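Below is query02.tsv, which holds TSV, C-alpha atoms.
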```tsv
chain	number	residue	atom	x	y	z
A	283	MET	CA	-11.27	-18.66	-30.15
A	284	GLU	CA	-9.91	-18.97	-26.60
A	285	LYS	CA	-10.22	-22.78	-26.67
A	286	GLU	CA	-8.16	-22.85	-29.86
A	287	VAL	CA	-5.47	-20.47	-28.58
A	288	ARG	CA	-5.07	-21.96	-25.09
A	289	PRO	CA	-3.27	-25.19	-26.16
A	290	ASN	CA	-0.86	-23.12	-28.29
A	291	ILE	CA	-0.02	-20.86	-25.36
A	292	ARG	CA	0.70	-23.85	-23.16
A	293	ARG	CA	2.79	-25.50	-25.87
A	294	PHE	CA	4.96	-22.39	-26.35
A	295	GLU	CA	5.38	-21.98	-22.58
A	296	ARG	CA	6.54	-25.60	-22.25
A	297	ARG	CA	8.93	-25.17	-25.17
A	298	ALA	CA	10.41	-22.09	-23.52
A	299	MET	CA	10.81	-24.03	-20.30
A	300	HIS	CA	12.48	-26.97	-22.07
A	301	SER	CA	14.95	-24.57	-23.64
A	302	LEU	CA	15.69	-22.97	-20.27
A	303	VAL	CA	16.18	-26.37	-18.63
A	304	ARG	CA	18.69	-27.41	-21.31
A	305	SER	CA	20.67	-24.21	-20.81
A	306	VAL	CA	20.67	-24.60	-17.03
A	307	GLU	CA	21.75	-28.23	-17.22
A	308	SER	CA	24.61	-27.29	-19.55
A	309	PHE	CA	25.72	-24.68	-17.07
A	310	LEU	CA	25.55	-27.14	-14.18
A	311	ASP	CA	27.47	-29.81	-16.12
A	312	ALA	CA	30.26	-27.33	-16.86
A	313	GLY	CA	31.43	-27.51	-13.25
A	314	ASP	CA	32.81	-24.78	-11.01
A	315	ASP	CA	35.23	-22.34	-12.62
A	316	GLY	CA	35.58	-20.12	-9.55
A	317	ARG	CA	33.37	-17.31	-10.82
A	318	ARG	CA	31.24	-15.22	-8.41
A	319	VAL	CA	27.77	-13.75	-8.92
A	320	ASN	CA	26.38	-10.81	-6.99
A	321	ARG	CA	22.88	-10.75	-8.43
A	322	LEU	CA	20.72	-13.38	-10.13
A	323	ARG	CA	17.18	-12.93	-11.42
A	324	LEU	CA	15.32	-15.98	-12.73
A	325	GLU	CA	11.74	-16.32	-13.98
A	326	PHE	CA	10.47	-19.73	-15.09
A	327	PHE	CA	7.34	-21.75	-15.68
A	328	THR	CA	6.27	-24.40	-13.21
A	329	THR	CA	6.47	-27.82	-14.87
A	330	HIS	CA	7.34	-31.35	-13.77
A	331	ASN	CA	11.00	-31.01	-14.76
A	332	THR	CA	12.18	-28.04	-12.68
A	333	GLY	CA	14.56	-30.02	-10.48
A	334	CYS	CA	17.52	-28.48	-12.29
A	335	ILE	CA	16.18	-25.03	-11.36
A	336	ASN	CA	16.55	-25.96	-7.69
A	337	ARG	CA	20.11	-27.17	-8.29
A	338	PHE	CA	20.89	-23.97	-10.16
A	339	LEU	CA	19.58	-21.78	-7.32
A	340	ALA	CA	21.50	-23.83	-4.76
A	341	LYS	CA	24.70	-23.42	-6.77
A	342	ALA	CA	24.12	-19.68	-7.09
A	343	ILE	CA	23.97	-19.38	-3.30
A	344	ASP	CA	26.49	-22.03	-2.19
A	345	ALA	CA	29.15	-21.84	-4.89
A	346	LEU	CA	28.68	-18.52	-6.69
A	347	GLY	CA	28.09	-16.46	-3.55
A	348	ALA	CA	24.95	-14.64	-4.76
A	349	VAL	CA	24.12	-11.57	-2.66
A	350	SER	CA	20.77	-10.80	-4.33
A	351	LEU	CA	18.49	-13.52	-5.70
A	352	GLU	CA	15.09	-13.41	-7.39
A	353	ALA	CA	13.31	-16.65	-8.28
A	354	VAL	CA	9.78	-16.20	-9.61
A	355	ALA	CA	7.79	-19.20	-10.80
A	356	LYS	CA	4.85	-18.72	-13.16
A	357	PRO	CA	2.18	-21.39	-13.72
A	358	ILE	CA	1.59	-22.74	-17.19
A	359	HIS	CA	-1.43	-20.98	-18.74
A	360	ARG	CA	-4.63	-21.69	-16.76
A	361	GLU	CA	-2.89	-24.17	-14.46
A	362	ARG	CA	-2.51	-23.74	-10.70
A	363	LYS	CA	0.78	-25.47	-9.94
A	364	VAL	CA	3.33	-23.89	-7.64
A	365	HIS	CA	7.04	-24.51	-7.47
A	366	THR	CA	8.46	-26.57	-4.60
A	367	PHE	CA	11.97	-26.66	-3.18
A	368	PRO	CA	13.77	-29.66	-1.66
A	369	SER	CA	13.11	-30.41	2.02
A	370	HIS	CA	16.42	-28.82	3.05
A	371	GLY	CA	15.43	-25.53	1.37
A	372	LEU	CA	17.09	-23.28	-1.16
A	373	CYS	CA	20.69	-24.43	-0.68
A	374	GLU	CA	22.94	-26.83	1.22
A	375	GLU	CA	24.75	-24.34	3.46
A	376	PRO	CA	22.41	-21.45	4.38
A	377	ARG	CA	24.49	-20.39	7.40
A	378	ALA	CA	27.48	-19.73	5.15
A	379	SER	CA	25.57	-17.87	2.44
A	380	ARG	CA	26.18	-14.22	1.49
A	381	LEU	CA	22.52	-13.74	0.58
A	382	ARG	CA	21.23	-10.36	1.71
A	383	SER	CA	18.24	-9.83	-0.60
A	384	LEU	CA	15.75	-12.52	-1.68
A	385	LYS	CA	12.58	-12.48	-3.74
A	386	LEU	CA	10.48	-15.62	-4.14
A	387	GLY	CA	7.30	-15.89	-6.18
A	388	GLY	CA	4.78	-18.61	-6.97
A	389	CYS	CA	6.32	-21.24	-4.72
A	390	VAL	CA	5.97	-23.13	-1.47
A	391	LEU	CA	7.78	-21.10	1.17
A	392	PRO	CA	11.10	-22.79	2.09
A	393	PRO	CA	12.74	-22.49	5.54
A	394	LEU	CA	14.63	-19.20	5.83
A	395	HIS	CA	15.65	-19.00	9.47
A	396	GLU	CA	19.31	-19.94	8.90
A	397	TYR	CA	20.12	-17.16	6.44
A	398	SER	CA	21.85	-14.89	8.94
A	399	SER	CA	22.80	-12.22	6.36
A	400	LEU	CA	19.32	-11.88	4.85
A	401	SER	CA	17.98	-8.36	5.41
A	402	THR	CA	15.45	-7.89	2.58
A	403	LEU	CA	12.74	-10.41	1.67
A	404	VAL	CA	9.96	-10.16	-0.93
A	405	LEU	CA	7.33	-12.88	-1.16
A	406	GLN	CA	4.91	-12.75	-4.07
A	407	ASP	CA	1.98	-14.93	-5.16
A	408	MET	CA	2.35	-17.37	-2.29
A	409	PRO	CA	-0.50	-19.91	-2.66
A	410	GLU	CA	-3.61	-20.16	-0.50
A	411	SER	CA	-2.29	-23.44	0.92
A	412	THR	CA	0.52	-21.58	2.70
A	413	PRO	CA	-0.14	-22.10	6.45
A	414	GLU	CA	-0.26	-19.12	8.77
A	415	ALA	CA	2.69	-20.59	10.69
A	416	ALA	CA	4.90	-20.15	7.61
A	417	TYR	CA	4.15	-16.42	7.41
A	418	GLU	CA	4.43	-15.97	11.17
A	419	GLY	CA	7.78	-17.79	11.11
A	420	VAL	CA	9.19	-15.18	8.72
A	421	PHE	CA	8.57	-12.53	11.38
A	422	THR	CA	9.69	-14.56	14.39
A	423	SER	CA	12.48	-16.79	13.02
A	424	CYS	CA	14.30	-14.20	10.89
A	425	PRO	CA	15.12	-11.47	13.43
A	426	GLN	CA	17.82	-10.02	11.17
A	427	LEU	CA	15.26	-9.00	8.49
A	428	GLN	CA	14.83	-5.26	8.06
A	429	VAL	CA	12.60	-5.09	4.97
A	430	LEU	CA	9.67	-7.42	4.24
A	431	HIS	CA	7.23	-7.13	1.32
A	432	LEU	CA	4.28	-9.49	0.90
A	433	ILE	CA	2.64	-9.07	-2.51
A	434	SER	CA	-0.55	-10.89	-3.56
A	435	CYS	CA	0.03	-13.60	-0.97
A	436	GLN	CA	-2.81	-15.78	0.24
A	437	SER	CA	-3.91	-17.70	3.30
A	438	THR	CA	-7.27	-18.82	4.59
A	439	ASP	CA	-6.17	-18.20	8.18
A	440	GLN	CA	-5.53	-15.22	10.40
A	441	ILE	CA	-1.87	-14.17	10.55
A	442	VAL	CA	-0.69	-13.05	13.99
A	443	VAL	CA	2.50	-10.97	14.05
A	444	ASP	CA	4.05	-11.28	17.51
A	445	ALA	CA	7.76	-10.76	16.90
A	446	ARG	CA	9.31	-8.92	19.80
A	447	ARG	CA	12.88	-9.70	18.66
A	448	SER	CA	12.28	-8.62	15.07
A	449	HIS	CA	14.30	-5.79	13.50
A	450	ILE	CA	11.89	-5.25	10.60
A	451	ARG	CA	11.72	-1.54	9.87
A	452	GLU	CA	9.76	-1.63	6.60
A	453	LEU	CA	6.67	-3.75	5.89
A	454	VAL	CA	4.57	-3.70	2.71
A	455	LEU	CA	1.34	-5.70	2.48
A	456	ASP	CA	0.11	-5.36	-1.10
A	457	LYS	CA	-3.23	-6.94	-2.06
A	458	CYS	CA	-2.75	-9.93	0.22
A	459	GLU	CA	-5.77	-12.17	0.70
A	460	PHE	CA	-5.60	-13.10	4.37
A	461	MET	CA	-8.56	-13.53	6.65
A	462	ARG	CA	-6.81	-10.70	8.49
A	463	LEU	CA	-3.36	-9.79	9.76
A	464	CYS	CA	-3.26	-9.05	13.47
A	465	MET	CA	-0.34	-6.85	14.52
A	466	ARG	CA	0.56	-7.76	18.08
A	467	ALA	CA	4.25	-6.77	18.32
A	468	LEU	CA	6.68	-5.40	15.75
A	469	PRO	CA	8.71	-2.99	17.86
A	470	CYS	CA	11.16	-1.59	15.26
A	471	LEU	CA	8.65	-0.98	12.45
A	472	GLU	CA	9.02	2.56	11.04
A	473	ARG	CA	7.32	2.29	7.61
A	474	LEU	CA	4.11	0.40	6.87
A	475	ALA	CA	2.12	0.20	3.62
A	476	SER	CA	-1.19	-1.63	3.90
A	477	LEU	CA	-2.51	-1.71	0.34
A	478	GLY	CA	-5.84	-3.48	0.18
A	479	THR	CA	-4.91	-5.79	3.06
A	480	ARG	CA	-6.83	-5.98	6.32
A	481	VAL	CA	-4.58	-5.13	9.27
A	482	LEU	CA	-5.73	-4.98	12.89
A	483	PHE	CA	-3.50	-3.43	15.53
A	484	GLU	CA	-3.28	-4.31	19.18
A	485	SER	CA	-2.29	-1.65	21.67
A	486	ALA	CA	1.34	-0.43	21.42
A	487	SER	CA	2.16	-3.03	18.75
A	488	VAL	CA	4.14	-0.62	16.52
A	489	PRO	CA	5.57	2.10	18.81
A	490	CYS	CA	8.14	3.36	16.24
A	491	LEU	CA	5.81	3.68	13.24
A	492	ARG	CA	6.38	7.04	11.52
A	493	GLN	CA	5.29	6.59	7.90
A	494	TYR	CA	2.01	4.90	7.03
A	495	ASN	CA	0.26	4.25	3.71
A	496	LEU	CA	-3.29	2.99	4.16
A	497	THR	CA	-5.21	2.02	1.01
A	498	LEU	CA	-8.61	0.43	1.36
A	499	ALA	CA	-11.44	-0.08	-1.15
A	500	LEU	CA	-14.57	-1.50	0.44
A	501	GLY	CA	-17.46	-2.77	-1.66
A	502	ASP	CA	-15.55	-2.86	-4.94
A	503	GLY	CA	-16.02	-6.04	-6.94
A	504	LEU	CA	-19.45	-6.75	-5.44
A	505	GLY	CA	-21.40	-5.41	-8.40
A	506	GLN	CA	-24.90	-4.23	-7.53
A	507	TYR	CA	-24.43	-5.40	-3.95
A	508	GLY	CA	-21.56	-2.97	-3.36
A	509	HIS	CA	-23.89	-0.07	-2.56
A	510	VAL	CA	-25.84	-2.22	-0.12
A	511	PHE	CA	-22.61	-3.36	1.54
A	512	VAL	CA	-21.27	0.14	2.17
A	513	LYS	CA	-24.61	1.37	3.51
A	514	ILE	CA	-24.49	-1.38	6.14
A	515	LEU	CA	-20.77	-1.02	6.91
A	516	LYS	CA	-19.88	2.26	8.60
A	517	ALA	CA	-16.31	2.68	9.87
A	518	ARG	CA	-14.78	5.33	12.11
A	519	LEU	CA	-11.19	6.52	12.13
A	520	GLY	CA	-10.60	4.88	15.50
A	521	LEU	CA	-10.86	1.49	13.81
A	522	PHE	CA	-7.67	2.29	11.88
A	523	PHE	CA	-5.69	4.54	14.22
A	524	ARG	CA	-6.68	3.83	17.81
A	525	HIS	CA	-3.75	1.44	18.36
A	526	THR	CA	-1.22	2.72	15.83
A	527	SER	CA	1.82	4.69	16.92
A	528	TRP	CA	1.42	8.27	18.09
A	529	GLU	CA	4.74	8.93	16.33
A	530	ILE	CA	3.30	8.86	12.78
A	531	THR	CA	4.52	11.95	10.90
A	532	ASN	CA	3.68	11.05	7.26
A	533	LEU	CA	0.36	9.52	6.22
A	534	VAL	CA	-1.07	8.54	2.82
A	535	ILE	CA	-4.72	7.51	2.78
A	536	ARG	CA	-6.78	6.14	-0.08
A	537	PHE	CA	-10.33	5.25	0.97
A	538	THR	CA	-12.58	4.32	-1.96
A	539	GLY	CA	-15.69	2.31	-2.76
A	540	PRO	CA	-19.10	2.51	-4.48
A	541	GLY	CA	-20.33	4.62	-1.57
A	542	ARG	CA	-18.84	6.49	1.37
A	543	TRP	CA	-18.28	4.18	4.31
A	544	ILE	CA	-16.23	6.41	6.63
A	545	VAL	CA	-18.31	8.22	9.27
A	546	PRO	CA	-17.55	10.62	12.13
A	547	ALA	CA	-17.31	9.49	15.72
A	548	SER	CA	-19.59	10.96	18.37
A	549	SER	CA	-16.64	13.01	19.62
A	550	PRO	CA	-13.27	13.53	17.86
A	551	ALA	CA	-10.17	11.96	19.42
A	552	THR	CA	-6.51	12.84	18.89
A	553	PHE	CA	-5.14	9.68	17.27
A	554	LEU	CA	-2.37	11.40	15.28
A	555	PRO	CA	-0.79	14.03	17.56
A	556	ASN	CA	2.55	14.21	15.67
A	557	LEU	CA	1.31	13.96	12.07
A	558	ARG	CA	2.96	16.61	9.85
A	559	ARG	CA	2.21	15.63	6.23
A	560	LEU	CA	-1.03	14.10	4.97
A	561	LEU	CA	-2.19	13.03	1.52
A	562	VAL	CA	-5.82	11.99	1.02
A	563	ALA	CA	-5.78	10.56	-2.51
A	564	ASP	CA	-8.34	9.24	-4.99
A	565	VAL	CA	-11.33	10.66	-3.08
A	566	PRO	CA	-14.34	9.73	-5.25
A	567	SER	CA	-15.99	12.97	-6.35
A	568	PHE	CA	-19.43	11.56	-5.48
A	569	TRP	CA	-18.42	11.10	-1.83
A	570	ASP	CA	-18.80	13.91	0.67
A	571	VAL	CA	-15.38	15.41	-0.08
A	572	LEU	CA	-15.47	17.17	3.28
A	573	TRP	CA	-14.70	13.86	5.03
A	574	PRO	CA	-10.92	14.64	5.41
A	575	ARG	CA	-12.10	17.11	8.07
A	576	LEU	CA	-12.13	14.05	10.35
A	577	LEU	CA	-8.37	13.69	9.85
A	578	LEU	CA	-7.73	17.38	10.44
A	579	GLU	CA	-9.61	17.13	13.73
A	580	THR	CA	-7.46	14.25	14.92
A	581	ALA	CA	-4.09	15.72	13.85
A	582	PRO	CA	-3.43	18.97	15.76
A	583	SER	CA	0.20	19.28	14.57
A	584	LEU	CA	-0.50	18.86	10.84
A	585	HIS	CA	1.53	21.22	8.60
A	586	THR	CA	0.62	20.05	5.07
A	587	LEU	CA	-2.70	18.71	3.76
A	588	HIS	CA	-3.01	17.54	0.14
A	589	VAL	CA	-6.33	16.25	-1.20
A	590	HIS	CA	-6.76	14.62	-4.60
A	591	VAL	CA	-10.32	14.21	-5.91
A	592	ALA	CA	-10.93	11.52	-8.55
A	593	PRO	CA	-13.59	12.47	-11.14
A	594	SER	CA	-16.68	10.29	-11.46
A	595	LEU	CA	-20.04	10.34	-13.23
A	596	GLU	CA	-21.81	8.85	-10.21
A	597	GLU	CA	-24.54	10.86	-8.49
A	598	PRO	CA	-23.41	12.54	-5.24
A	599	ASP	CA	-23.65	10.34	-2.15
A	600	ASP	CA	-25.30	11.33	1.10
A	601	GLU	CA	-23.60	14.16	2.95
A	602	ILE	CA	-22.17	13.61	6.42
A	603	PRO	CA	-24.43	15.17	9.10
A	604	TRP	CA	-21.73	17.44	10.54
A	605	GLN	CA	-21.98	18.85	14.03
A	606	PRO	CA	-20.83	22.41	14.82
A	607	THR	CA	-17.18	22.53	15.80
A	608	MET	CA	-15.07	24.74	18.04
A	609	LEU	CA	-11.88	23.47	16.38
A	610	ARG	CA	-9.01	25.92	16.04
A	611	HIS	CA	-6.01	24.52	14.21
A	612	ASP	CA	-2.76	26.38	14.85
A	613	HIS	CA	-0.21	24.56	12.68
A	614	LEU	CA	-1.59	23.88	9.18
A	615	LYS	CA	0.34	26.04	6.71
A	616	GLU	CA	-0.36	24.47	3.30
A	617	PHE	CA	-3.58	23.15	1.77
A	618	VAL	CA	-3.72	21.91	-1.83
A	619	MET	CA	-6.67	20.32	-3.63
A	620	VAL	CA	-6.28	18.67	-7.03
A	621	GLY	CA	-9.44	17.81	-8.99
A	622	PHE	CA	-11.27	20.91	-7.74
A	623	GLN	CA	-14.52	21.47	-9.65
A	624	ALA	CA	-16.20	23.86	-7.20
A	625	MET	CA	-18.72	21.19	-6.20
A	626	GLU	CA	-20.60	21.93	-3.01
A	627	SER	CA	-18.76	19.48	-0.73
A	628	GLN	CA	-15.40	20.56	-2.21
A	629	LEU	CA	-16.18	24.19	-1.41
A	630	TYR	CA	-17.24	23.19	2.10
A	631	LEU	CA	-13.84	21.59	2.69
A	632	VAL	CA	-11.96	24.67	1.45
A	633	LYS	CA	-14.14	26.97	3.57
A	634	PHE	CA	-13.66	24.75	6.63
A	635	VAL	CA	-9.86	24.70	6.28
A	636	VAL	CA	-9.67	28.47	5.73
A	637	GLY	CA	-12.05	29.08	8.62
A	638	VAL	CA	-10.36	26.99	11.33
A	639	CYS	CA	-6.65	27.11	10.42
A	640	ALA	CA	-5.05	30.18	11.95
A	641	ALA	CA	-1.54	29.67	10.48
A	642	LEU	CA	-2.63	28.93	6.90
A	643	CYS	CA	-0.30	30.60	4.38
A	644	HIS	CA	-0.68	28.69	1.12
A	645	VAL	CA	-3.91	27.49	-0.52
A	646	ALA	CA	-3.90	26.06	-4.05
A	647	LEU	CA	-6.91	24.76	-5.99
A	648	PHE	CA	-6.24	22.93	-9.27
A	649	LYS	CA	-8.92	21.67	-11.63
A	650	ASP	CA	-6.78	18.89	-13.12
A	651	GLY	CA	-3.85	16.81	-11.95
A	652	HIS	CA	-2.83	13.58	-10.32
A	653	VAL	CA	-0.67	12.13	-7.60
A	654	ARG	CA	2.75	10.79	-8.52
A	655	ASP	CA	3.90	8.29	-5.93
A	656	LYS	CA	7.54	8.47	-4.87
A	657	GLY	CA	7.69	5.06	-3.29
A	658	HIS	CA	4.96	4.13	-0.83
A	659	TRP	CA	5.40	6.98	1.65
A	660	ASP	CA	6.16	10.11	-0.34
A	661	TRP	CA	4.43	11.85	-3.20
A	662	GLU	CA	4.20	14.90	-5.40
A	663	LEU	CA	1.16	16.52	-6.96
A	664	VAL	CA	1.37	16.86	-10.74
A	665	THR	CA	-0.96	19.65	-11.82
A	666	GLU	CA	-2.13	21.22	-15.06
A	667	GLN	CA	-2.40	24.97	-15.17
A	668	HIS	CA	-5.76	26.47	-16.17
A	669	SER	CA	-6.18	30.18	-16.74
A	670	TRP	CA	-8.66	31.92	-14.43
A	671	THR	CA	-9.84	35.42	-15.19
A	672	LEU	CA	-9.65	38.05	-12.47
A	673	GLU	CA	-13.43	37.96	-12.27
A	674	GLU	CA	-13.45	34.18	-11.79
A	675	LYS	CA	-10.79	34.39	-9.10
A	676	GLY	CA	-12.67	37.16	-7.30
A	677	ALA	CA	-15.95	35.27	-7.44
A	678	MET	CA	-14.33	32.08	-6.14
A	679	LEU	CA	-12.62	33.93	-3.31
A	680	ASN	CA	-15.95	35.47	-2.33
A	681	GLN	CA	-17.55	32.03	-2.30
A	682	ILE	CA	-14.77	30.66	-0.12
A	683	MET	CA	-14.85	33.51	2.38
A	684	TYR	CA	-18.65	33.86	2.52
A	685	GLY	CA	-19.84	32.77	5.94
A	686	VAL	CA	-16.29	32.31	7.24
A	687	SER	CA	-15.60	34.03	10.54
A	688	SER	CA	-14.40	37.61	10.18
A	689	SER	CA	-11.43	36.72	12.41
A	690	SER	CA	-10.17	34.27	9.77
A	691	ILE	CA	-7.26	35.55	7.68
A	692	VAL	CA	-7.18	35.22	3.89
A	693	PRO	CA	-4.11	33.05	3.05
A	694	SER	CA	-1.15	35.11	1.89
A	695	GLN	CA	-0.73	32.87	-1.18
A	696	LEU	CA	-3.89	31.76	-2.97
A	697	VAL	CA	-3.36	29.87	-6.24
A	698	PHE	CA	-6.04	28.91	-8.77
A	699	GLY	CA	-4.96	26.48	-11.46
```

Translate this file's structure into structure tokens.
Amino acid sequence: MEKEVRPNIRRFERRAMHSLVRSVESFLDAGDDGRRVNRLRLEFFTTHNTGCINRFLAKAIDALGAVSLEAVAKPIHRERKVHTFPSHGLCEEPRASRLRSLKLGGCVLPPLHEYSSLSTLVLQDMPESTPEAAYEGVFTSCPQLQVLHLISCQSTDQIVVDARRSHIRELVLDKCEFMRLCMRALPCLERLASLGTRVLFESASVPCLRQYNLTLALGDGLGQYGHVFVKILKARLGLFFRHTSWEITNLVIRFTGPGRWIVPASSPATFLPNLRRLLVADVPSFWDVLWPRLLLETAPSLHTLHVHVAPSLEEPDDEIPWQPTMLRHDHLKEFVMVGFQAMESQLYLVKFVVGVCAALCHVALFKDGHVRDKGHWDWELVTEQHSWTLEEKGAMLNQIMYGVSSSSIVPSQLVFG
């Protein structure tokens, strides 16, 4: 069936592209009538006759004064072609352009260093053939950039970010397939989202970082070898936070995989001294759900801790061999767990938080719910209310407080949902 359908898909895609080319050529032949365009969004298929697309984009920037431009090229079904621009780049007069926002997809990266007004850049589906120098040049040769998103971009090389003159304040790395990205210097960076992309930090590379989203799934996609992989690979928090900024105040973490791969260090270190809000999302229910204790130990100023447990039919993984702790946390005021099923490791986490957090006021345990992302760095917990009888609430409270130090105070607001 697929072999029969594939030629038809390609034929319809080429027909659509021919129709678009005719329309674009008619527009170009009509000449300049003095009109202006603020925003242009163009999606097209990559074929051999896309030269008019380049002329159209150049006219949009040079003659029409586009401020925001999106040009996303899609390959014809099952083909691997990418769009290319002329040697001089997107337009004839980049220094005179009004372009402030640019999104490019499925193309060879053109030179961008002369666009002095460009402040927002999104690159998507850049091919594996893109050299590391092209990515590095975006950081070093475009110092006026403030927002940079790299989405599903590829390179077989290591990308080194050493951009001491850069003004980039927001960086999103979403499912990029790099050997790794080494962060050496990005002094103005305030918001970073590393979503399935390997990022290594050198000391003091991001001194202004305040909001961080770290999403990492290790061992997924390896089939039966995934469990073997995560048993060999054991990572400590220091690997991710030793060289990040001490100024981080908001943190979103999603660590997942076919088995738990995060382990405690021999002695806790304070990597996140100014962290105030923390979301640990999508924790597989078969992991030791107590593992966010590691984050609580390294964040003495934390005010809000939200944990979302993702349901799974997998058998529980090995528990972390915890050592006794003398931790006393004086700032945590709110603890919320969504996906609470009263499993042993979930109860251990609740008991630990109640036992060590002297300022705890609000504890909420919800059986069902999910995380609603509000951008990359903020969130809200969407919960479903379940009715608990007084007997169930009393029994659960007894379970939570059993074995907890008598000096620990029952939170003033305890919600079961």

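Note that CA of Leu351 (chain A) and CA of Ile450 (chain A) are 19.4 Å apart.
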
Edge lengths and centre in Å to one decimal, as AutoDock Vina command-line options, is what I'm after for the box along x, y and z that holds all listed atoms of region 520-523 of chain A once 8 Å is added on each side.
```
--center_x -8.3 --center_y 3.2 --center_z 13.7 --size_x 21.2 --size_y 19.4 --size_z 19.6
```

Contact check, region 422-536 of chain A to region 559-572 of chain A, at most 10 Å, counting only C-alpha atoms, closest pairs as JSON lines:
```
{"residue": "A:Gln493", "atom": "CA", "partner": "A:Arg559", "partner_atom": "CA", "distance": 9.7}
{"residue": "A:Tyr494", "atom": "CA", "partner": "A:Leu560", "partner_atom": "CA", "distance": 9.9}
{"residue": "A:Asn495", "atom": "CA", "partner": "A:Leu561", "partner_atom": "CA", "distance": 9.4}
{"residue": "A:Leu496", "atom": "CA", "partner": "A:Val562", "partner_atom": "CA", "distance": 9.9}
{"residue": "A:Thr497", "atom": "CA", "partner": "A:Ala563", "partner_atom": "CA", "distance": 9.3}
{"residue": "A:Ile530", "atom": "CA", "partner": "A:Arg559", "partner_atom": "CA", "distance": 9.5}
{"residue": "A:Thr531", "atom": "CA", "partner": "A:Arg559", "partner_atom": "CA", "distance": 6.4}
{"residue": "A:Asn532", "atom": "CA", "partner": "A:Arg559", "partner_atom": "CA", "distance": 4.9}
{"residue": "A:Leu533", "atom": "CA", "partner": "A:Leu560", "partner_atom": "CA", "distance": 4.9}
{"residue": "A:Val534", "atom": "CA", "partner": "A:Leu561", "partner_atom": "CA", "distance": 4.8}
{"residue": "A:Ile535", "atom": "CA", "partner": "A:Val562", "partner_atom": "CA", "distance": 4.9}
{"residue": "A:Arg536", "atom": "CA", "partner": "A:Ala563", "partner_atom": "CA", "distance": 5.1}
```

CA of Val390 (chain A) to CA of Thr438 (chain A): how many Å, to one decimal?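 CA of Thr438 (chain A) lies at a distance of 15.2 Å from CA of Val390 (chain A).
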
Just checking: using all atoms listed in the file, which residue out of A:Gly478, A:Phe617, A:Leu696, A:Val591 ends up closest to Lys649 (chain A)? A:Val591
